[in-house]
Amino acid sequence: MATKKTSESKEKNVKKILYVSSEIAPFSKIGGLGDVVGSLPAAICKAGADVRVLTPAYGAANGKGGVLDTVRSLKNSLRKVTLPVVVALGGIPVYCTIYETEIDGVITWFIECPDFFSETIYPFSVDSYSIRPFILLSLAALELYRAVKWVPDVFHCHDWPTAILPIALEWHNHYSQLYNHSKSVFTIHNLAHQGVFKPEDFFYQTGIDKNCFNPNGIEFYNSINLLKGAIIACKSITTVSPNYASEIQTYEGGVGLDGVLRTHSAKLTGILNGIDVDYWNPETDKSIVSPYSADDLSGKRINRSELIKKCSWEDDDRPLVVCVSRLVEQKGFDLILPVIPRLAESGARFIFLGSGSSNIEDGLSYAQQIHLDEIKFFKGYDEELAHLIYSGGDMFLMPSLFEPCGLSQMISMRYGTVPIARAVGGLADTVIDVDSGNSSNGFLFHYYAQDSMMRAIARAIDFFADNAKWVELMKRGMLTDFTWNRSALSYLDIYNRI
Ligand code: ADP
Ligand code: GLC
């Protein structure tokens with residue numbers, strides 16, 4: 001599109017990037033995607049780009065309720081953009097209201113359309129009807145310029161819910177012409193979710209040219225595969241750790257798309273996630289009982305006691321192994337659940353916080369009934385409690401089957417809680433085993449097997465007995481640089497290159 005650059009952007013030749021995402025912390029976070037979109041844009045703005053965000057105002061109507069109320073409750077001022085964004089779905093205009101706010105220096109637009117963006121973020125099953133909110137989000141991003149008078153140079157999309165945007169830029173007759181100079185970057189946060197469904201009325205609803213329904217486009221075994229389409233259509237693919245970038249190009253890690261990814265490997269980069277180190281900061285965290293730092297760890301002991309009290313346990317010196325996680329296959333619960341009796345006898349105590357699959361929830365509930373003094377399960381999503389657990393634990397268990405990056409191991413290290421993790425994906429890029437030398441910060445195991453995990457837990461419990469060595473390990477994790485600084489520059493480089 002012939003862009004009318006704002007005078008400021010023109011002067012500094014600053015790249016204008018629009019992040020389009022189905023989640024943003026703290027307003028609509030389900031997992032790490034929300035954390036990333038809630039913190040990376042500010043880091044890239046600081047590094048020298050003009051990044052803005054478009055994301056749904058879930059559960060809001062007429063400017064009230066749901067996400068919009070949360071925005072206001074956090075003392076952010078919210079302005080209704082005068083013009084609506086109008087998207088044609090199946091030839092019928094859908095009117096969306098845009099609300100603008102500024103968060104950490106990042107202009108963030110919330111799109112309100114109550115019939116599409118309800119309280120539930122992701123549909124239970126994916127089909128051409130249930131994905132309509134994400135069709136709307138992607139196409140609204142392409143129409144947004146009319147309402148906000150700002151045209152991005154690059155659209156940066158995340159995972160299958162926003163995969164329709166790069167697909168439309170390539171294969172929608174109108175948008176491909178309108179945006180002939182705008183590029184798209186597509187980040188794979190999790191290759192396991194691809195947005196696969198039968199075409200039905202998808203092409204009619206979106207206006208995307210159905211000629212792209214072929215093996216070199218969005219077709220995948222007679223279905224539409226949005227992730228595949230975005231991989232092919234975008235100008236640059238990133239994923240969230242260098243190791244995962246390699247893994248997804250193998251048959252074992254490619255979830256059926258390894259061939260497509262190998263074909264497009266020249267535009268694939270693995271960039272390690274960072275975390276918001278101001279938000280995840282044991283020195284200033286308002287959700288924990290006592291602040292602490294690597295220089296003075298005394299407060300950590302107080303949080304530990306508080307966490308033990310919350311479990312209705314007696315305070316003692318047995319190591320506390322904690323886990324804050326979505327309860328899904330990816331996170332390794334089929335290793336954990338069968339060895340519950342061995343965990344209970346290991347000499348450590350185990351605290352789980354999470355929600356997800358009812359099988360895993362039931363398994364953990366049962367485990368705590370049988371092992372009242374060794375296993376505790378807090379069912380649900382609880383941001384406050386997560387902070388107390390990160391700060392009160394001694395070790396953080398993350399035995400993932402696969403892990404694109406993983407933020408929890410970094411958050412736990414920042415709180416001096418030493419990770420015990422499987423050497424896979426981003427865990428292998430961020431956790432360094434105690435046996436590999438001076439820069440170690442945790443315990444790793446390689447094989448996805450119960451015994452391998454148990455051996456790593458046993459090594460951690462042994463190590464814990466030597467307090468001086470343990471404190472050294474904690475401090476190394478706490479002092480590691482988990483900021484976005486370096487990765488923000490890598491993203492900036494990609495925006496400039498394309
Ligand atoms: P994923 O995105 O695969 O869930 P990550 O490690 O990247 O894994 O990010 C998980 C994020 O979600 C972390 O911020 C973690 O603290 C948070 N989280 C996961 N489950 C819960 C829960 N039950 N309550 C609070 N926070 C949770
Ligand atoms: C996904 C991945 C996780 C990653 C997060 C943020 O949810 O499962 O490993 O850290 O996205 O990129």
# chains A, B, ... in the order shown; residues from 1 in each chain; ligands from 1
call {"tool": "residues_near_ligand", "arguments": {"ligand": "ligand 2", "cutoff": "6 Å", "atoms": "only C-alpha atoms and all ligand atoms", "output": "MDAnalysis selection string"}}
result
chainID A and resid 31:33 36 189:190 240 403:407
call {"tool": "residues_near_ligand", "arguments": {"ligand": "ligand 1", "cutoff": "8 Å", "atoms": "only C-alpha atoms and all ligand atoms", "output": "PyMOL selection string"}}
result
chain A and resi 29-35+189-190+324-327+330-331+353-355+379-387+403-409+411
call {"tool": "residues_around", "arguments": {"residues": "range 211-215 of chain A", "least_positions_apart": "3", "cutoff": "12 Å", "atoms": "only C-alpha atoms", "output": "CSV table (one decimal) with all heavy atoms, in the first residue's frame"}}
result
chain,number,residue,atom,x,y,z
A,167,ILE,N,-1.8,-15.4,5.1
A,167,ILE,CA,-2.4,-16.1,4.0
A,167,ILE,C,-3.2,-15.1,3.1
A,167,ILE,O,-3.1,-15.1,1.9
A,167,ILE,CB,-3.4,-17.2,4.5
A,167,ILE,CG1,-2.5,-18.4,5.1
A,167,ILE,CG2,-4.3,-17.8,3.4
A,167,ILE,CD1,-3.3,-19.4,5.9
A,168,ALA,N,-3.9,-14.2,3.8
A,168,ALA,CA,-4.7,-13.2,3.0
A,168,ALA,C,-3.7,-12.2,2.2
A,168,ALA,O,-4.0,-11.8,1.1
A,168,ALA,CB,-5.6,-12.4,3.9
A,170,GLU,N,-1.1,-13.0,0.9
A,170,GLU,CA,-0.6,-13.7,-0.3
A,170,GLU,C,-1.7,-14.0,-1.3
A,170,GLU,O,-1.5,-13.9,-2.5
A,170,GLU,CB,0.2,-14.9,0.2
A,170,GLU,CG,0.9,-15.6,-0.9
A,170,GLU,CD,2.2,-14.9,-1.4
A,170,GLU,OE1,2.5,-13.9,-0.8
A,170,GLU,OE2,2.7,-15.3,-2.5
A,171,TRP,N,-2.8,-14.5,-0.8
A,171,TRP,CA,-3.8,-15.1,-1.7
A,171,TRP,C,-5.2,-14.5,-1.6
A,171,TRP,O,-6.2,-15.2,-2.0
A,171,TRP,CB,-3.9,-16.6,-1.3
A,171,TRP,CG,-2.7,-17.4,-1.6
A,171,TRP,CD1,-2.1,-17.5,-2.9
A,171,TRP,CD2,-1.9,-18.2,-0.8
A,171,TRP,NE1,-0.9,-18.3,-2.8
A,171,TRP,CE2,-0.8,-18.7,-1.5
A,171,TRP,CE3,-2.0,-18.5,0.6
A,171,TRP,CZ2,0.2,-19.6,-0.9
A,171,TRP,CZ3,-1.0,-19.4,1.1
A,171,TRP,CH2,0.0,-19.9,0.4
A,172,HIS,N,-5.4,-13.3,-1.1
A,172,HIS,CA,-6.7,-12.6,-1.1
A,172,HIS,C,-6.5,-11.6,-2.2
A,172,HIS,O,-5.6,-10.7,-2.2
A,172,HIS,CB,-6.9,-12.0,0.2
A,172,HIS,CG,-8.3,-11.4,0.4
A,172,HIS,ND1,-8.8,-10.4,-0.3
A,172,HIS,CD2,-9.4,-11.9,1.2
A,172,HIS,CE1,-10.0,-10.1,0.0
A,172,HIS,NE2,-10.4,-11.0,0.9
A,173,ASN,N,-7.4,-11.7,-3.2
A,173,ASN,CA,-7.2,-10.8,-4.4
A,173,ASN,C,-7.1,-9.3,-4.0
A,173,ASN,O,-6.3,-8.6,-4.5
A,173,ASN,CB,-8.4,-11.0,-5.4
A,173,ASN,CG,-8.3,-12.4,-6.0
A,173,ASN,OD1,-7.2,-12.9,-6.0
A,173,ASN,ND2,-9.4,-12.9,-6.5
A,198,LYS,N,-11.9,-28.9,7.7
A,198,LYS,CA,-12.4,-29.1,6.3
A,198,LYS,C,-12.8,-27.7,5.7
A,198,LYS,O,-13.3,-26.8,6.5
A,198,LYS,CB,-13.6,-30.0,6.3
A,198,LYS,CG,-13.3,-31.4,6.6
A,198,LYS,CD,-12.6,-32.1,5.5
A,198,LYS,CE,-12.1,-33.4,5.9
A,198,LYS,NZ,-10.8,-33.8,5.1
A,199,PRO,N,-12.5,-27.5,4.4
A,199,PRO,CA,-12.7,-26.1,3.9
A,199,PRO,C,-14.1,-25.5,4.1
A,199,PRO,O,-14.3,-24.4,4.4
A,199,PRO,CB,-12.4,-26.3,2.4
A,199,PRO,CG,-11.6,-27.5,2.3
A,199,PRO,CD,-12.0,-28.4,3.5
A,200,GLU,N,-15.2,-26.4,3.9
A,200,GLU,CA,-16.5,-25.9,4.0
A,200,GLU,C,-16.7,-24.5,3.3
A,200,GLU,O,-16.3,-24.3,2.2
A,200,GLU,CB,-17.1,-25.9,5.4
A,200,GLU,CG,-17.2,-27.4,5.9
A,200,GLU,CD,-17.4,-27.6,7.3
A,200,GLU,OE1,-16.8,-26.9,8.1
A,200,GLU,OE2,-18.2,-28.5,7.7
A,202,PHE,N,-15.0,-21.7,4.1
A,202,PHE,CA,-13.9,-20.9,4.5
A,202,PHE,C,-13.6,-19.8,3.4
A,202,PHE,O,-13.4,-18.6,3.7
A,202,PHE,CB,-12.7,-21.7,4.7
A,202,PHE,CG,-11.4,-20.9,5.0
A,202,PHE,CD1,-11.2,-20.4,6.3
A,202,PHE,CD2,-10.5,-20.7,4.1
A,202,PHE,CE1,-10.1,-19.6,6.6
A,202,PHE,CE2,-9.3,-20.0,4.3
A,202,PHE,CZ,-9.1,-19.4,5.6
A,203,PHE,N,-13.5,-20.3,2.1
A,203,PHE,CA,-13.1,-19.3,1.1
A,203,PHE,C,-14.2,-18.3,0.8
A,203,PHE,O,-13.9,-17.1,0.6
A,203,PHE,CB,-12.7,-20.1,-0.2
A,203,PHE,CG,-11.5,-21.0,0.0
A,203,PHE,CD1,-11.7,-22.3,0.2
A,203,PHE,CD2,-10.3,-20.4,0.1
A,203,PHE,CE1,-10.5,-23.1,0.4
A,203,PHE,CE2,-9.2,-21.2,0.3
A,203,PHE,CZ,-9.3,-22.5,0.5
A,207,GLY,N,-13.0,-14.6,1.5
A,207,GLY,CA,-12.7,-14.0,0.2
A,207,GLY,C,-11.3,-14.4,-0.2
A,207,GLY,O,-10.8,-13.9,-1.2
A,208,ILE,N,-10.6,-15.3,0.5
A,208,ILE,CA,-9.3,-15.8,0.0
A,208,ILE,C,-9.5,-16.7,-1.2
A,208,ILE,O,-10.5,-17.5,-1.3
A,208,ILE,CB,-8.6,-16.6,1.2
A,208,ILE,CG1,-8.2,-15.6,2.3
A,208,ILE,CG2,-7.4,-17.4,0.7
A,208,ILE,CD1,-7.8,-16.2,3.6
A,218,ILE,N,-2.4,-23.9,1.0
A,218,ILE,CA,-2.9,-24.2,2.4
A,218,ILE,C,-3.6,-25.6,2.5
A,218,ILE,O,-4.1,-25.9,3.6
A,218,ILE,CB,-3.9,-23.1,2.9
A,218,ILE,CG1,-5.2,-23.1,2.2
A,218,ILE,CG2,-3.3,-21.7,2.8
A,218,ILE,CD1,-6.2,-22.1,2.7
A,219,GLU,N,-3.5,-26.3,1.5
A,219,GLU,CA,-4.1,-27.7,1.5
A,219,GLU,C,-3.2,-28.7,2.2
A,219,GLU,O,-2.0,-28.6,2.1
A,219,GLU,CB,-4.4,-28.2,0.1
A,219,GLU,CG,-5.3,-29.4,0.1
A,219,GLU,CD,-4.5,-30.7,-0.3
A,219,GLU,OE1,-3.3,-30.6,-0.5
A,219,GLU,OE2,-5.1,-31.7,-0.3
A,220,PHE,N,-3.8,-29.5,3.1
A,220,PHE,CA,-3.0,-30.5,3.8
A,220,PHE,C,-3.9,-31.8,3.9
A,220,PHE,O,-4.9,-31.7,4.7
A,220,PHE,CB,-2.7,-29.9,5.2
A,220,PHE,CG,-1.8,-30.8,6.0
A,220,PHE,CD1,-0.4,-30.9,5.7
A,220,PHE,CD2,-2.2,-31.4,7.2
A,220,PHE,CE1,0.4,-31.6,6.6
A,220,PHE,CE2,-1.4,-32.1,8.0
A,220,PHE,CZ,-0.1,-32.2,7.7
A,221,TYR,N,-3.6,-32.8,3.1
A,221,TYR,CA,-4.4,-34.0,3.1
A,221,TYR,C,-5.9,-33.7,3.0
A,221,TYR,O,-6.7,-34.1,3.9
A,221,TYR,CB,-4.2,-34.9,4.4
A,221,TYR,CG,-2.7,-35.3,4.4
A,221,TYR,CD1,-1.8,-34.8,5.3
A,221,TYR,CD2,-2.3,-36.4,3.6
A,221,TYR,CE1,-0.5,-35.2,5.3
A,221,TYR,CE2,-1.0,-36.8,3.6
A,221,TYR,CZ,-0.1,-36.2,4.5
A,221,TYR,OH,1.2,-36.6,4.5
A,222,ASN,N,-6.3,-32.9,2.1
A,222,ASN,CA,-7.7,-32.5,1.8
A,222,ASN,C,-8.3,-31.6,2.8
A,222,ASN,O,-9.6,-31.4,2.8
A,222,ASN,CB,-8.6,-33.8,1.7
A,222,ASN,CG,-8.6,-34.3,0.3
A,222,ASN,OD1,-8.5,-33.4,-0.7
A,222,ASN,ND2,-8.7,-35.5,0.1
A,223,SER,N,-7.6,-31.1,3.8
A,223,SER,CA,-8.1,-30.2,4.7
A,223,SER,C,-7.3,-28.9,4.6
A,223,SER,O,-6.3,-28.8,3.9
A,223,SER,CB,-7.9,-30.6,6.2
A,223,SER,OG,-8.7,-31.7,6.5
A,224,ILE,N,-7.8,-27.8,5.2
A,224,ILE,CA,-7.0,-26.6,5.3
A,224,ILE,C,-6.1,-26.7,6.5
A,224,ILE,O,-6.5,-27.2,7.5
A,224,ILE,CB,-8.0,-25.4,5.5
A,224,ILE,CG1,-8.7,-25.1,4.1
A,224,ILE,CG2,-7.2,-24.1,5.9
A,224,ILE,CD1,-9.7,-24.0,4.2
A,225,ASN,N,-4.9,-26.3,6.3
A,225,ASN,CA,-3.9,-26.2,7.4
A,225,ASN,C,-3.4,-24.8,7.5
A,225,ASN,O,-2.6,-24.4,6.6
A,225,ASN,CB,-2.8,-27.2,7.2
A,225,ASN,CG,-1.8,-27.2,8.4
A,225,ASN,OD1,-1.6,-26.2,9.0
A,225,ASN,ND2,-1.3,-28.4,8.7
A,226,LEU,N,-3.9,-24.0,8.4
A,226,LEU,CA,-3.6,-22.6,8.5
A,226,LEU,C,-2.1,-22.3,8.8
A,226,LEU,O,-1.5,-21.4,8.2
A,226,LEU,CB,-4.4,-21.9,9.6
A,226,LEU,CG,-6.0,-21.8,9.3
A,226,LEU,CD1,-6.7,-21.2,10.5
A,226,LEU,CD2,-6.2,-21.1,8.0
A,228,LYS,N,0.4,-24.2,8.0
A,228,LYS,CA,1.2,-24.5,6.8
A,228,LYS,C,1.0,-23.4,5.8
A,228,LYS,O,2.0,-22.9,5.2
A,228,LYS,CB,0.6,-25.8,6.1
A,228,LYS,CG,1.3,-26.1,4.8
A,228,LYS,CD,0.7,-27.3,4.1
A,228,LYS,CE,1.3,-27.4,2.7
A,228,LYS,NZ,0.5,-28.3,1.8
A,229,GLY,N,-0.2,-22.9,5.6
A,229,GLY,CA,-0.4,-21.7,4.7
A,229,GLY,C,0.4,-20.5,5.1
A,229,GLY,O,1.1,-19.9,4.3
A,230,ALA,N,0.5,-20.2,6.4
A,230,ALA,CA,1.2,-19.1,6.9
A,230,ALA,C,2.7,-19.3,6.7
A,230,ALA,O,3.5,-18.3,6.3
A,230,ALA,CB,0.9,-18.8,8.4
A,232,ILE,N,4.2,-20.9,4.3
A,232,ILE,CA,4.5,-20.7,2.9
A,232,ILE,C,4.3,-19.2,2.5
A,232,ILE,O,5.1,-18.6,1.8
A,232,ILE,CB,3.6,-21.6,2.1
A,232,ILE,CG1,3.9,-23.0,2.3
A,232,ILE,CG2,3.7,-21.2,0.6
A,232,ILE,CD1,3.0,-24.0,1.7
A,233,ALA,N,3.2,-18.6,3.1
A,233,ALA,CA,2.9,-17.2,2.6
A,233,ALA,C,3.7,-16.1,3.2
A,233,ALA,O,4.0,-15.1,2.6
A,233,ALA,CB,1.4,-17.0,3.0
A,257,LEU,N,4.8,-31.2,9.4
A,257,LEU,CA,5.2,-30.0,8.6
A,257,LEU,C,6.7,-29.9,8.4
A,257,LEU,O,7.2,-28.9,8.0
A,257,LEU,CB,4.6,-28.8,9.2
A,257,LEU,CG,3.1,-28.6,9.2
A,257,LEU,CD1,2.6,-27.3,9.7
A,257,LEU,CD2,2.5,-28.8,7.8
A,259,GLY,N,8.7,-31.3,6.4
A,259,GLY,CA,9.1,-31.1,5.0
A,259,GLY,C,8.9,-29.7,4.5
A,259,GLY,O,9.7,-29.1,3.9
A,260,VAL,N,7.7,-29.2,4.8
A,260,VAL,CA,7.4,-27.8,4.4
A,260,VAL,C,8.4,-26.8,5.1
A,260,VAL,O,8.9,-25.9,4.4
A,260,VAL,CB,6.0,-27.4,4.9
A,260,VAL,CG1,5.6,-25.9,4.5
A,260,VAL,CG2,4.9,-28.3,4.4
call {"tool": "closest_residue", "arguments": {"among": "A:Leu427, A:Gly91, A:Pro56, A:Met410", "to": "Ile275 in chain A", "atoms": "only C-alpha atoms"}}
result
A:Met410
call {"tool": "select_by_dssp", "arguments": {"residues": "range 128-196 of chain A", "states": "strand (DSSP E)", "output": "PyMOL selection string"}}
result
chain A and resi 154-158+183-188+196
call {"tool": "write_last_selection", "arguments": {"atoms": "C-alpha atoms", "output": "CSV table (one decimal), in the first residue's frame"}}
result
chain,number,residue,atom,x,y,z
A,154,VAL,CA,5.3,-5.3,8.7
A,155,PHE,CA,2.5,-7.5,10.2
A,156,HIS,CA,3.8,-9.8,12.9
A,157,CYS,CA,1.5,-12.7,13.5
A,158,HIS,CA,1.6,-15.5,16.1
A,183,LYS,CA,5.4,-7.9,4.7
A,184,SER,CA,4.5,-10.5,7.2
A,185,VAL,CA,6.5,-12.2,9.9
A,186,PHE,CA,5.0,-15.3,11.4
A,187,THR,CA,6.1,-16.7,14.7
A,188,ILE,CA,5.5,-20.4,15.6
A,196,VAL,CA,-6.7,-27.9,10.5
